[in-house]
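What's in my_file_9.cif: mmCIF, C-alpha atoms and all ligand atoms
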data_model
#
loop_
_atom_site.group_PDB
_atom_site.id
_atom_site.type_symbol
_atom_site.label_atom_id
_atom_site.label_comp_id
_atom_site.auth_asym_id
_atom_site.auth_seq_id
_atom_site.Cartn_x
_atom_site.Cartn_y
_atom_site.Cartn_z
ATOM 1 C CA MET A 55 -89.012 110.564 -46.428
ATOM 2 C CA THR A 56 -92.043 111.603 -44.369
ATOM 3 C CA GLU A 57 -90.594 109.770 -41.380
ATOM 4 C CA LEU A 58 -87.349 111.720 -41.726
ATOM 5 C CA PHE A 59 -89.175 115.062 -41.813
ATOM 6 C CA ALA A 60 -91.181 114.032 -38.764
ATOM 7 C CA ALA A 61 -87.901 113.459 -36.890
ATOM 8 C CA LEU A 62 -86.163 116.682 -37.997
ATOM 9 C CA LYS A 63 -86.540 120.136 -36.533
ATOM 10 C CA PRO A 64 -88.053 122.481 -39.160
ATOM 11 C CA GLY A 65 -85.427 125.047 -40.185
ATOM 12 C CA SER A 66 -82.503 122.936 -38.917
ATOM 13 C CA GLU A 67 -79.527 122.246 -41.172
ATOM 14 C CA GLU A 68 -80.660 118.653 -41.789
ATOM 15 C CA TRP A 69 -84.210 119.778 -42.519
ATOM 16 C CA LEU A 70 -82.970 122.294 -45.103
ATOM 17 C CA LEU A 71 -80.783 119.663 -46.789
ATOM 18 C CA ALA A 72 -83.683 117.199 -46.800
ATOM 19 C CA THR A 73 -86.014 119.736 -48.441
ATOM 20 C CA SER A 74 -83.514 120.051 -51.327
ATOM 21 C CA LEU A 75 -83.680 116.308 -52.047
ATOM 22 C CA ASP A 76 -85.891 114.860 -54.758
ATOM 23 C CA PRO A 77 -87.775 112.051 -52.972
ATOM 24 C CA ALA A 78 -88.403 110.337 -56.305
ATOM 25 C CA ARG A 79 -84.692 109.971 -57.063
ATOM 26 C CA LEU A 80 -83.304 108.493 -53.877
ATOM 27 C CA PRO A 81 -80.929 105.540 -54.258
ATOM 28 C CA ARG A 82 -82.490 102.127 -53.623
ATOM 29 C CA HIS A 83 -79.272 100.728 -52.200
ATOM 30 C CA ILE A 84 -76.504 102.667 -50.428
ATOM 31 C CA ALA A 85 -73.170 101.038 -49.594
ATOM 32 C CA VAL A 86 -70.737 102.590 -47.128
ATOM 33 C CA ILE A 87 -67.032 102.039 -46.476
ATOM 34 C CA MET A 88 -66.930 103.230 -42.881
ATOM 35 C CA ASP A 89 -63.364 104.505 -42.602
ATOM 36 C CA GLY A 90 -61.329 106.804 -40.363
ATOM 37 C CA ASN A 91 -61.997 105.465 -36.863
ATOM 38 C CA GLY A 92 -58.277 105.121 -36.125
ATOM 39 C CA ARG A 93 -57.459 108.648 -37.310
ATOM 40 C CA TRP A 94 -60.388 110.054 -35.334
ATOM 41 C CA ALA A 95 -58.913 108.484 -32.182
ATOM 42 C CA LYS A 96 -55.355 109.558 -33.035
ATOM 43 C CA GLU A 97 -56.472 113.179 -33.390
ATOM 44 C CA ARG A 98 -57.714 112.933 -29.793
ATOM 45 C CA ARG A 99 -54.670 111.013 -28.530
ATOM 46 C CA LEU A 100 -56.941 108.075 -27.765
ATOM 47 C CA PRO A 101 -56.381 104.378 -28.552
ATOM 48 C CA ARG A 102 -57.751 103.267 -31.954
ATOM 49 C CA ILE A 103 -60.405 101.231 -30.168
ATOM 50 C CA ALA A 104 -61.963 104.466 -28.863
ATOM 51 C CA GLY A 105 -62.488 105.440 -32.507
ATOM 52 C CA HIS A 106 -64.286 102.170 -33.228
ATOM 53 C CA LYS A 107 -66.437 102.647 -30.136
ATOM 54 C CA SER A 108 -67.417 106.101 -31.287
ATOM 55 C CA GLY A 109 -68.058 104.742 -34.776
ATOM 56 C CA VAL A 110 -70.907 102.651 -33.363
ATOM 57 C CA ASP A 111 -72.838 105.885 -32.681
ATOM 58 C CA SER A 112 -72.466 106.766 -36.369
ATOM 59 C CA VAL A 113 -73.789 103.339 -37.365
ATOM 60 C CA ARG A 114 -76.836 103.856 -35.140
ATOM 61 C CA ASN A 115 -77.457 107.326 -36.589
ATOM 62 C CA ILE A 116 -77.005 106.336 -40.250
ATOM 63 C CA VAL A 117 -79.137 103.196 -39.956
ATOM 64 C CA GLU A 118 -81.966 105.184 -38.400
ATOM 65 C CA SER A 119 -81.588 108.000 -40.965
ATOM 66 C CA ALA A 120 -81.618 105.567 -43.900
ATOM 67 C CA ALA A 121 -84.691 103.818 -42.473
ATOM 68 C CA ARG A 122 -86.498 107.149 -42.079
ATOM 69 C CA LEU A 123 -85.544 108.167 -45.617
ATOM 70 C CA GLY A 124 -87.220 105.009 -46.882
ATOM 71 C CA ILE A 125 -84.017 103.572 -48.412
ATOM 72 C CA GLU A 126 -84.442 99.931 -49.422
ATOM 73 C CA ALA A 127 -80.968 98.602 -48.591
ATOM 74 C CA LEU A 128 -77.895 99.801 -46.709
ATOM 75 C CA THR A 129 -74.688 97.776 -46.849
ATOM 76 C CA LEU A 130 -72.034 98.675 -44.288
ATOM 77 C CA TYR A 131 -68.443 97.462 -44.664
ATOM 78 C CA ALA A 132 -67.663 96.554 -41.072
ATOM 79 C CA PHE A 133 -64.791 94.041 -41.317
ATOM 80 C CA SER A 134 -62.777 93.039 -44.362
ATOM 81 C CA THR A 135 -60.934 89.747 -44.852
ATOM 82 C CA GLU A 136 -57.759 91.881 -44.786
ATOM 83 C CA ASN A 137 -58.653 93.400 -41.408
ATOM 84 C CA TRP A 138 -57.438 90.161 -39.733
ATOM 85 C CA LYS A 139 -53.948 91.615 -40.277
ATOM 86 C CA ARG A 140 -54.602 94.104 -37.478
ATOM 87 C CA PRO A 141 -53.341 93.534 -33.918
ATOM 88 C CA SER A 142 -55.405 90.812 -32.228
ATOM 89 C CA LEU A 143 -56.505 93.189 -29.468
ATOM 90 C CA GLU A 144 -58.043 95.519 -32.062
ATOM 91 C CA VAL A 145 -59.735 92.632 -33.893
ATOM 92 C CA GLU A 146 -61.176 91.334 -30.609
ATOM 93 C CA ALA A 147 -62.412 94.802 -29.698
ATOM 94 C CA LEU A 148 -64.135 95.143 -33.088
ATOM 95 C CA PHE A 149 -66.022 91.891 -32.574
ATOM 96 C CA ARG A 150 -66.876 92.794 -28.998
ATOM 97 C CA LEU A 151 -68.335 96.097 -30.239
ATOM 98 C CA LEU A 152 -70.267 94.297 -32.948
ATOM 99 C CA ARG A 153 -71.835 91.978 -30.373
ATOM 100 C CA LEU A 154 -72.663 94.920 -28.136
ATOM 101 C CA TYR A 155 -74.241 96.740 -31.082
ATOM 102 C CA LEU A 156 -76.357 93.755 -32.068
ATOM 103 C CA HIS A 157 -77.472 93.281 -28.499
ATOM 104 C CA SER A 158 -78.232 96.911 -27.689
ATOM 105 C CA GLU A 159 -79.757 97.870 -31.051
ATOM 106 C CA LEU A 160 -82.291 95.103 -31.427
ATOM 107 C CA ALA A 161 -85.093 97.263 -30.022
ATOM 108 C CA THR A 162 -84.220 100.196 -32.329
ATOM 109 C CA LEU A 163 -84.020 97.890 -35.333
ATOM 110 C CA MET A 164 -87.468 96.532 -34.500
ATOM 111 C CA LYS A 165 -88.856 100.037 -33.898
ATOM 112 C CA ASN A 166 -87.581 101.165 -37.305
ATOM 113 C CA ASN A 167 -88.803 97.991 -39.059
ATOM 114 C CA VAL A 168 -85.212 97.140 -40.101
ATOM 115 C CA ARG A 169 -84.338 93.668 -41.354
ATOM 116 C CA LEU A 170 -80.765 92.564 -40.698
ATOM 117 C CA GLY A 171 -78.640 90.551 -43.097
ATOM 118 C CA ALA A 172 -74.935 89.782 -43.461
ATOM 119 C CA ILE A 173 -72.535 89.161 -46.334
ATOM 120 C CA GLY A 174 -69.039 87.679 -46.230
ATOM 121 C CA ARG A 175 -67.515 84.449 -44.991
ATOM 122 C CA ILE A 176 -69.734 84.415 -41.925
ATOM 123 C CA SER A 177 -68.566 80.921 -40.889
ATOM 124 C CA GLY A 178 -65.084 82.395 -40.368
ATOM 125 C CA LEU A 179 -66.296 84.751 -37.629
ATOM 126 C CA PRO A 180 -65.921 83.910 -33.918
ATOM 127 C CA SER A 181 -68.779 81.592 -32.895
ATOM 128 C CA GLY A 182 -70.217 84.075 -30.342
ATOM 129 C CA VAL A 183 -70.499 86.715 -33.080
ATOM 130 C CA GLN A 184 -72.138 84.216 -35.444
ATOM 131 C CA LYS A 185 -74.717 83.300 -32.803
ATOM 132 C CA GLU A 186 -75.624 86.901 -31.927
ATOM 133 C CA LEU A 187 -75.788 87.786 -35.611
ATOM 134 C CA GLN A 188 -78.076 84.864 -36.436
ATOM 135 C CA HIS A 189 -80.254 85.691 -33.441
ATOM 136 C CA VAL A 190 -80.876 89.267 -34.657
ATOM 137 C CA ILE A 191 -81.243 88.118 -38.289
ATOM 138 C CA ASP A 192 -83.957 85.665 -37.183
ATOM 139 C CA LEU A 193 -85.764 88.154 -34.948
ATOM 140 C CA THR A 194 -85.852 90.865 -37.629
ATOM 141 C CA ALA A 195 -86.610 88.499 -40.532
ATOM 142 C CA SER A 196 -90.215 89.564 -40.961
ATOM 143 C CA ASN A 197 -89.514 93.320 -40.828
ATOM 144 C CA THR A 198 -90.393 94.984 -44.108
ATOM 145 C CA GLY A 199 -88.440 98.269 -44.017
ATOM 146 C CA LEU A 200 -84.734 98.965 -44.563
ATOM 147 C CA ARG A 201 -82.540 95.955 -45.241
ATOM 148 C CA LEU A 202 -79.409 96.505 -43.201
ATOM 149 C CA ASN A 203 -76.652 94.390 -44.616
ATOM 150 C CA LEU A 204 -73.398 94.038 -42.655
ATOM 151 C CA ALA A 205 -70.286 93.092 -44.624
ATOM 152 C CA LEU A 206 -68.274 90.969 -42.194
ATOM 153 C CA ASN A 207 -65.164 88.981 -42.999
ATOM 154 C CA TYR A 208 -65.984 90.244 -46.482
ATOM 155 C CA SER A 209 -63.936 90.981 -49.569
ATOM 156 C CA GLY A 210 -65.049 91.350 -53.154
ATOM 157 C CA ARG A 211 -62.468 88.830 -54.332
ATOM 158 C CA THR A 212 -63.420 86.110 -51.840
ATOM 159 C CA GLU A 213 -67.053 86.732 -52.805
ATOM 160 C CA LEU A 214 -66.147 86.080 -56.447
ATOM 161 C CA VAL A 215 -64.138 82.968 -55.486
ATOM 162 C CA ASP A 216 -67.139 81.664 -53.521
ATOM 163 C CA ALA A 217 -69.443 82.481 -56.442
ATOM 164 C CA VAL A 218 -67.215 80.579 -58.895
ATOM 165 C CA LYS A 219 -67.075 77.595 -56.515
ATOM 166 C CA SER A 220 -70.864 77.455 -56.221
ATOM 167 C CA ILE A 221 -71.342 77.812 -59.980
ATOM 168 C CA VAL A 222 -68.872 74.984 -60.692
ATOM 169 C CA ALA A 223 -70.476 72.824 -57.978
ATOM 170 C CA SER A 224 -73.900 73.380 -59.558
ATOM 171 C CA GLY A 225 -72.651 71.625 -62.693
ATOM 172 C CA ILE A 226 -73.931 74.291 -65.100
ATOM 173 C CA PRO A 227 -72.399 73.920 -68.582
ATOM 174 C CA PRO A 228 -69.898 76.775 -69.290
ATOM 175 C CA ALA A 229 -71.809 77.870 -72.387
ATOM 176 C CA GLN A 230 -74.831 78.649 -70.220
ATOM 177 C CA ILE A 231 -72.939 80.932 -67.844
ATOM 178 C CA ASN A 232 -73.870 84.586 -68.207
ATOM 179 C CA GLU A 233 -73.922 87.711 -66.005
ATOM 180 C CA ASP A 234 -77.145 86.586 -64.328
ATOM 181 C CA THR A 235 -75.523 83.295 -63.305
ATOM 182 C CA ILE A 236 -72.794 85.252 -61.513
ATOM 183 C CA GLU A 237 -75.252 87.750 -59.981
ATOM 184 C CA ARG A 238 -77.284 84.922 -58.520
ATOM 185 C CA ALA A 239 -74.186 83.306 -57.008
ATOM 186 C CA LEU A 240 -73.060 86.464 -55.165
ATOM 187 C CA TYR A 241 -73.756 87.077 -51.463
ATOM 188 C CA THR A 242 -75.855 90.080 -52.553
ATOM 189 C CA SER A 243 -78.150 88.171 -54.922
ATOM 190 C CA ALA A 244 -81.256 89.266 -53.001
ATOM 191 C CA LEU A 245 -80.376 92.979 -53.117
ATOM 192 C CA PRO A 246 -80.611 95.613 -55.837
ATOM 193 C CA GLU A 247 -77.239 96.889 -57.129
ATOM 194 C CA PRO A 248 -75.824 99.723 -55.040
ATOM 195 C CA ASP A 249 -76.666 103.088 -56.622
ATOM 196 C CA LEU A 250 -74.413 105.036 -54.295
ATOM 197 C CA LEU A 251 -71.168 104.093 -52.553
ATOM 198 C CA ILE A 252 -69.936 106.435 -49.832
ATOM 199 C CA ARG A 253 -66.419 106.205 -48.425
ATOM 200 C CA THR A 254 -65.628 108.344 -45.420
ATOM 201 C CA SER A 255 -62.268 109.800 -44.319
ATOM 202 C CA GLY A 256 -61.241 111.002 -47.781
ATOM 203 C CA GLU A 257 -59.573 107.779 -48.978
ATOM 204 C CA MET A 258 -59.962 107.325 -52.736
ATOM 205 C CA ARG A 259 -59.983 103.543 -52.914
ATOM 206 C CA ILE A 260 -62.350 100.607 -52.924
ATOM 207 C CA SER A 261 -60.388 98.308 -50.551
ATOM 208 C CA ASN A 262 -61.875 95.124 -52.016
ATOM 209 C CA PHE A 263 -65.521 96.099 -51.478
ATOM 210 C CA LEU A 264 -68.362 94.909 -53.767
ATOM 211 C CA LEU A 265 -66.073 94.665 -56.796
ATOM 212 C CA TRP A 266 -68.680 93.171 -59.129
ATOM 213 C CA GLN A 267 -71.656 95.156 -57.862
ATOM 214 C CA ILE A 268 -70.214 98.684 -58.174
ATOM 215 C CA ALA A 269 -69.726 98.572 -61.960
ATOM 216 C CA TYR A 270 -72.065 101.575 -62.368
ATOM 217 C CA THR A 271 -72.394 102.807 -58.805
ATOM 218 C CA GLU A 272 -71.927 106.530 -58.123
ATOM 219 C CA LEU A 273 -68.969 107.071 -55.786
ATOM 220 C CA VAL A 274 -68.982 109.815 -53.151
ATOM 221 C CA VAL A 275 -65.913 110.295 -50.964
ATOM 222 C CA SER A 276 -66.608 112.299 -47.843
ATOM 223 C CA PRO A 277 -63.704 113.927 -45.980
ATOM 224 C CA THR A 278 -65.543 113.344 -42.685
ATOM 225 C CA LEU A 279 -64.098 110.614 -40.456
ATOM 226 C CA TRP A 280 -66.618 107.836 -39.746
ATOM 227 C CA PRO A 281 -67.110 108.641 -36.010
ATOM 228 C CA ASP A 282 -68.178 112.184 -37.018
ATOM 229 C CA PHE A 283 -70.472 111.019 -39.847
ATOM 230 C CA ARG A 284 -74.124 111.776 -39.161
ATOM 231 C CA CYS A 285 -77.485 112.264 -40.935
ATOM 232 C CA ARG A 286 -76.319 115.660 -42.229
ATOM 233 C CA HIS A 287 -73.349 114.080 -44.056
ATOM 234 C CA LEU A 288 -75.575 111.345 -45.485
ATOM 235 C CA LEU A 289 -77.965 114.003 -46.819
ATOM 236 C CA GLU A 290 -75.004 115.891 -48.357
ATOM 237 C CA ALA A 291 -73.873 112.670 -50.082
ATOM 238 C CA LEU A 292 -77.434 112.129 -51.353
ATOM 239 C CA LEU A 293 -77.548 115.658 -52.777
ATOM 240 C CA GLU A 294 -74.220 115.025 -54.519
ATOM 241 C CA PHE A 295 -75.689 111.760 -55.869
ATOM 242 C CA GLN A 296 -78.713 113.616 -57.250
ATOM 243 C CA ARG A 297 -76.465 116.123 -59.040
ATOM 244 C CA ARG A 298 -74.836 113.295 -60.992
ATOM 245 C CA GLU A 299 -75.965 112.271 -64.445
ATOM 246 C CA ARG A 300 -76.050 108.475 -64.598
ATOM 247 C CA ARG A 301 -75.475 107.276 -68.131
ATOM 248 C CA PHE A 302 -74.651 103.553 -67.841
ATOM 249 C CA GLY A 303 -72.574 103.855 -70.995
ATOM 250 C CA GLY A 304 -75.387 105.440 -72.974
ATOM 251 C CA VAL A 305 -76.337 109.056 -73.643
ATOM 252 C CA GLU A 306 -79.166 111.127 -72.286
ATOM 253 C CA ALA A 307 -81.875 110.745 -74.951
ATOM 254 C CA ALA A 308 -83.224 114.319 -74.971
ATOM 255 C CA LYS A 309 -79.762 115.944 -75.174
ATOM 256 C CA GLU A 310 -78.635 113.553 -77.876
ATOM 257 C CA GLU A 311 -81.695 114.327 -80.005
ATOM 258 C CA ALA A 312 -81.103 118.083 -79.650
ATOM 259 C CA GLN A 313 -77.479 117.634 -80.733
ATOM 260 C CA VAL A 314 -78.410 115.520 -83.734
ATOM 261 C CA ASP A 315 -80.912 118.241 -84.686
ATOM 262 C CA LEU A 316 -78.202 120.916 -84.472
ATOM 263 C CA ALA A 317 -75.705 118.837 -86.435
ATOM 264 C CA LEU A 318 -78.199 118.220 -89.231
ATOM 265 C CA ARG A 319 -79.135 121.851 -89.615
HETATM 266 C C1 LIG B 401 -62.557 101.804 -40.165
HETATM 267 O O1 LIG B 401 -61.672 102.645 -39.516
HETATM 268 C C2 LIG B 401 -62.999 100.659 -39.301
HETATM 269 C C3 LIG B 401 -62.611 99.333 -39.795
HETATM 270 C C4 LIG B 401 -61.827 99.073 -40.811
HETATM 271 C C5 LIG B 401 -63.118 98.216 -39.056
HETATM 272 P P1 LIG B 401 -60.108 102.346 -39.507
HETATM 273 O O2 LIG B 401 -59.788 101.516 -38.311
HETATM 274 O O3 LIG B 401 -59.667 101.775 -40.792
HETATM 275 O O4 LIG B 401 -59.525 103.812 -39.309
HETATM 276 P P2 LIG B 401 -58.256 104.451 -40.004
HETATM 277 O O5 LIG B 401 -58.389 104.249 -41.468
HETATM 278 O O6 LIG B 401 -57.069 103.744 -39.451
HETATM 279 O O7 LIG B 401 -58.301 105.889 -39.613
HETATM 280 C C1 LIG B 402 -61.869 99.194 -45.427
HETATM 281 O O1 LIG B 402 -61.126 100.035 -44.617
HETATM 282 C C2 LIG B 402 -62.529 98.119 -44.619
HETATM 283 C C3 LIG B 402 -63.621 98.553 -43.749
HETATM 284 C C4 LIG B 402 -64.109 99.756 -43.672
HETATM 285 C C5 LIG B 402 -64.204 97.508 -42.969
HETATM 286 P P1 LIG B 402 -59.590 99.786 -44.326
HETATM 287 O O2 LIG B 402 -59.147 100.879 -43.440
HETATM 288 O O3 LIG B 402 -59.374 98.404 -43.851
HETATM 289 O O4 LIG B 402 -58.958 99.915 -45.775
HETATM 290 P P2 LIG B 402 -57.476 100.341 -46.223
HETATM 291 O O5 LIG B 402 -56.517 99.444 -45.531
HETATM 292 O O6 LIG B 402 -57.289 101.763 -45.823
HETATM 293 O O7 LIG B 402 -57.484 100.186 -47.718
HETATM 294 MG MG MG B 403 -58.988 102.590 -42.511
#
Could you write out this structure as C-alpha cells?
Amino acid sequence: MTELFAALKPGSEEWLLATSLDPARLPRHIAVIMDGNGRWAKERRLPRIAGHKSGVDSVRNIVESAARLGIEALTLYAFSTENWKRPSLEVEALFRLLRLYLHSELATLMKNNVRLGAIGRISGLPSGVQKELQHVIDLTASNTGLRLNLALNYSGRTELVDAVKSIVASGIPPAQINEDTIERALYTSALPEPDLLIRTSGEMRISNFLLWQIAYTELVVSPTLWPDFRCRHLLEALLEFQRRERRFGGVEAAKEEAQVDLALR
C-alpha cells in the first residue's frame, strides 16, 4: 500500500478512502467483470466502440492501482465465449483495442512489475492477438508483482469442460478424483481463489465467469459504468469488502463462544 500512498495526493478523496483501509485485510485476488461500455457510449450518443476505447483507460488505471496496493492477482473479464455473438465489427474493434493495449502498456507493466497471464480458450483468438499476448506474457514473465490475468474467449463452463477433458485424458481413476484434482485442472490453477469479485454497471449476474472459483468470493456490484471506473471506485469496493464477515459456512469463533455462554447461563 505504501506505493499507493506515494502516488496519491494527501487529503484527496482517494487518499482518505485509502487511509480507511486495513492493509492487513486486502484481498489476495480480485476479479472484475468490466461491464457497461456500451451504455456509457449510448449515454453520449457515441458508437459502442467508443465505450470500449474509453474502457481501456479504466483498465490502465485499475491495473496500476492494484499493483500499487500490493494485490497479488487481478483477473479481468475482457471477452467471453458468448461475446462472439456480437456484430463482427464490434468483435474486431475489441481485439484491435486489446492489441493496442498490449502494445502501448508494456512499458507501464514493466514499470509496475506486473506479470501478464491469460485464461480462456486462447487458441481460439485471432492469431495476431495470440502473438501479441504471448509476446507480453514472455517479456513480463520474470516480474514479481501483480499478476494481471486477462480472461479472453473465456467462460466458466468451457473452463470446466476443458478441465474434465484433461482429467479424463490423464487417466486418473474416478475414485481418486477430488476437489484438488479439479482445481489443478482449471485455467486458474496457479492463482489463489478470488476473494472479491466486482461487477460494474449494476448488473446482478455472473455471466459465466469463474463459476467454480467464486464459491466463497465476496461479490460487490458497483453502479459505475466501466469507462468511469477508477481507483476511487476500487477503493470503495475494497472498503465494502472489508465490512463483510466471511464465514465460509462456519461461525465466527468468538461470537459463537459468547452465545453458548449466554445460552448456558
Ligand atoms: C463490457 O461492456 C465489455 C465487454 C463485454 C467486452 P459491454 O459492451 O457489455 O457494455 P454494455 O453492457 O452493453 O453497456
Ligand atoms: C460479461 O459482460 C462479459 C465481459 C465483461 C467480458 P456481458 O455484457 O457480455 O454480459 P451479459 O450479456 O450482460 O450477461
Ligand atoms: Mg454488458
Q.
List as a list in words the protein and nucleic acid residues lying within 6 Å of ligand LIG 402 (chain B), with all atoms listed in the file counted.
A. Ile87, Met88, Asp89, Tyr131, Ala132, Phe133, Ser134, Asn137 and Ser261 of chain A
Those same residues - C-alpha atoms - I'd like them written as a PDB file, in the frame of the given file.
ATOM      1  CA  ILE A  87     -67.032 102.039 -46.476  1.00  0.00           C
ATOM      2  CA  MET A  88     -66.930 103.230 -42.881  1.00  0.00           C
ATOM      3  CA  ASP A  89     -63.364 104.505 -42.602  1.00  0.00           C
ATOM      4  CA  TYR A 131     -68.443  97.462 -44.664  1.00  0.00           C
ATOM      5  CA  ALA A 132     -67.663  96.554 -41.072  1.00  0.00           C
ATOM      6  CA  PHE A 133     -64.791  94.041 -41.317  1.00  0.00           C
ATOM      7  CA  SER A 134     -62.777  93.039 -44.362  1.00  0.00           C
ATOM      8  CA  ASN A 137     -58.653  93.400 -41.408  1.00  0.00           C
ATOM      9  CA  SER A 261     -60.388  98.308 -50.551  1.00  0.00           C
TER      10      SER A 261
END
(Q) Hey, which residues sit close to ligand MG 403 (chain B)? Say within 12 Å, counting only C-alpha atoms and all ligand atoms, and write them as a PyMOL selection string. (A) chain A and resi 87-95+102+105-106+131-134+136-137+140+253-261+279-280
Q: Would you write out, as a VMD selection string, every residue that the PyMOL selection byres (((chain A and resi 56) around 12) and not hetatm) captures in this file?
A: chain A and resid 55 57 to 62 69 72 to 73 77 119 121 to 124
Q.
I want to know what sits within 12 Å of range 303-312 of chain A, based on only C-alpha atoms, with residues of the same chain fewer than 6 positions away left out; could you give that as a list in words?
A. Ala269, Tyr270, Leu318 and Arg319 of chain A
Q: Find the residues around Leu204 in chain A up to 9 Å (all atoms listed in the file counted), leave out those fewer than 5 positions away in its own chain, and share them as a PyMOL selection string.
A: chain A and resi 128-133+170-174
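Put simply, CA of Leu206 in chain A is 26.0 Å away from CA of Phe295 in chain A.
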Could you list, as a short mmCIF file (atom, residue, chain, number, x, y, z; two decimals) with C-alpha atoms, in the coordinates of the input, every residue matched by the PyMOL selection byres (((chain A and resi 189-194) around 12) and not hetatm) in this structure?
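The new file selection-v8.cif reads:
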data_model
loop_
_atom_site.label_atom_id
_atom_site.label_comp_id
_atom_site.auth_asym_id
_atom_site.auth_seq_id
_atom_site.Cartn_x
_atom_site.Cartn_y
_atom_site.Cartn_z
CA LEU A 152 -70.27 94.30 -32.95
CA ARG A 153 -71.83 91.98 -30.37
CA LEU A 154 -72.66 94.92 -28.14
CA TYR A 155 -74.24 96.74 -31.08
CA LEU A 156 -76.36 93.76 -32.07
CA HIS A 157 -77.47 93.28 -28.50
CA SER A 158 -78.23 96.91 -27.69
CA GLU A 159 -79.76 97.87 -31.05
CA LEU A 160 -82.29 95.10 -31.43
CA ALA A 161 -85.09 97.26 -30.02
CA THR A 162 -84.22 100.20 -32.33
CA LEU A 163 -84.02 97.89 -35.33
CA MET A 164 -87.47 96.53 -34.50
CA LYS A 165 -88.86 100.04 -33.90
CA ASN A 166 -87.58 101.16 -37.30
CA ASN A 167 -88.80 97.99 -39.06
CA VAL A 168 -85.21 97.14 -40.10
CA ARG A 169 -84.34 93.67 -41.35
CA LEU A 170 -80.76 92.56 -40.70
CA GLY A 171 -78.64 90.55 -43.10
CA ALA A 172 -74.94 89.78 -43.46
CA ILE A 173 -72.54 89.16 -46.33
CA GLY A 182 -70.22 84.08 -30.34
CA VAL A 183 -70.50 86.72 -33.08
CA GLN A 184 -72.14 84.22 -35.44
CA LYS A 185 -74.72 83.30 -32.80
CA GLU A 186 -75.62 86.90 -31.93
CA LEU A 187 -75.79 87.79 -35.61
CA GLN A 188 -78.08 84.86 -36.44
CA ALA A 195 -86.61 88.50 -40.53
CA SER A 196 -90.22 89.56 -40.96
CA ASN A 197 -89.51 93.32 -40.83
CA THR A 198 -90.39 94.98 -44.11
CA GLY A 199 -88.44 98.27 -44.02
CA LEU A 200 -84.73 98.96 -44.56
CA ARG A 201 -82.54 95.96 -45.24
CA LEU A 202 -79.41 96.50 -43.20
CA ASN A 203 -76.65 94.39 -44.62
CA LEU A 204 -73.40 94.04 -42.66
#
Under the PyMOL selection byres (((chain A and resi 284-287) around 8) and not hetatm), which residues of this model are included? Write them out as an mmCIF file with C-alpha atoms, in the frame of the given file.
data_model
loop_
_atom_site.group_PDB
_atom_site.id
_atom_site.type_symbol
_atom_site.label_atom_id
_atom_site.label_comp_id
_atom_site.auth_asym_id
_atom_site.auth_seq_id
_atom_site.Cartn_x
_atom_site.Cartn_y
_atom_site.Cartn_z
ATOM 1 C CA GLU A 67 -79.527 122.246 -41.172
ATOM 2 C CA GLU A 68 -80.660 118.653 -41.789
ATOM 3 C CA LEU A 71 -80.783 119.663 -46.789
ATOM 4 C CA SER A 112 -72.466 106.766 -36.369
ATOM 5 C CA ASN A 115 -77.457 107.326 -36.589
ATOM 6 C CA ILE A 116 -77.005 106.336 -40.250
ATOM 7 C CA SER A 119 -81.588 108.000 -40.965
ATOM 8 C CA SER A 276 -66.608 112.299 -47.843
ATOM 9 C CA THR A 278 -65.543 113.344 -42.685
ATOM 10 C CA ASP A 282 -68.178 112.184 -37.018
ATOM 11 C CA PHE A 283 -70.472 111.019 -39.847
ATOM 12 C CA LEU A 288 -75.575 111.345 -45.485
ATOM 13 C CA LEU A 289 -77.965 114.003 -46.819
ATOM 14 C CA GLU A 290 -75.004 115.891 -48.357
ATOM 15 C CA ALA A 291 -73.873 112.670 -50.082
#
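The two atoms in question, CA of Ser224 in chain A and CA of Pro248 in chain A, are spaced 26.8 Å apart.
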Q. To one decimal place, how far is CA of Gln296 in chain A from CA of Arg79 in chain A in Å?
A. 7.0 Å
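For Arg175 in chain A, the set of protein, DNA and RNA residues having any atom at most 12 Å away, when counting only C-alpha atoms and skipping those fewer than 2 positions along the same chain, is A:Phe133, A:Ser134, A:Thr135, A:Ala172, A:Ile173, A:Ser177, A:Gly178, A:Leu179, A:Pro180, A:Gln184, A:Leu204, A:Ala205, A:Leu206, A:Asn207, A:Tyr208, A:Ser209, A:Gly210, A:Arg211, A:Thr212, A:Glu213, A:Leu214, A:Val215, A:Asp216, A:Ala217, A:Leu240, A:Tyr241.
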What are the centre and the three edge lengths of an axis-aligned box that wraps all atoms of ligand LIG 401 (chain B) in the file, given that 5 Å is added to every side, written as AutoDock Vina command-line options and rounded to one decimal in Å?
--center_x -60.1 --center_y 102.1 --center_z -39.9 --size_x 16.0 --size_y 17.7 --size_z 13.2
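Nearest residue to ligand LIG 401 (chain B) among A:Ala317, A:Leu292, A:Val110, A:Ala85 is A:Val110, counting only C-alpha atoms and all ligand atoms.
Compared by their closest atoms to ligand LIG 401 (chain B), and using only C-alpha atoms and all ligand atoms, the residues A:Glu233, A:Glu144, A:Glu118, A:Glu126 rank with A:Glu144 nearest.
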**Q.** Which residue of A:His83, A:Arg114, A:Lys63, A:Arg297 approaches Leu245 in chain A most closely, using only C-alpha atoms
**A.** A:His83
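With distances restricted to only C-alpha atoms, A:Leu251 is the closest residue to Leu265 in chain A from A:Val145, A:Ile231, A:Leu251, A:Ile84.
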Q | Near-Asp234 in chain A list (12 Å; only C-alpha atoms; drop same-chain fewer than 4 positions) as a ChimeraX atom specification | A | /A:217,221,230,238-240,243,266
Those selected residues, please, written with C-alpha atoms and delivered as an mmCIF file, in the coordinates of the input.
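So the final result, stored in part-v4.cif, reads:
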data_model
loop_
_atom_site.group_PDB
_atom_site.id
_atom_site.type_symbol
_atom_site.label_atom_id
_atom_site.label_comp_id
_atom_site.auth_asym_id
_atom_site.auth_seq_id
_atom_site.Cartn_x
_atom_site.Cartn_y
_atom_site.Cartn_z
ATOM 1 C CA ALA A 217 -69.443 82.481 -56.442
ATOM 2 C CA ILE A 221 -71.342 77.812 -59.980
ATOM 3 C CA GLN A 230 -74.831 78.649 -70.220
ATOM 4 C CA ARG A 238 -77.284 84.922 -58.520
ATOM 5 C CA ALA A 239 -74.186 83.306 -57.008
ATOM 6 C CA LEU A 240 -73.060 86.464 -55.165
ATOM 7 C CA SER A 243 -78.150 88.171 -54.922
ATOM 8 C CA TRP A 266 -68.680 93.171 -59.129
#
Q. Which residue out of A:Ile236, A:Val113, A:Ala78, A:Ile176 has the minimum interatomic distance to ligand LIG 401 (chain B) when all atoms listed in the file are used?
A. A:Val113
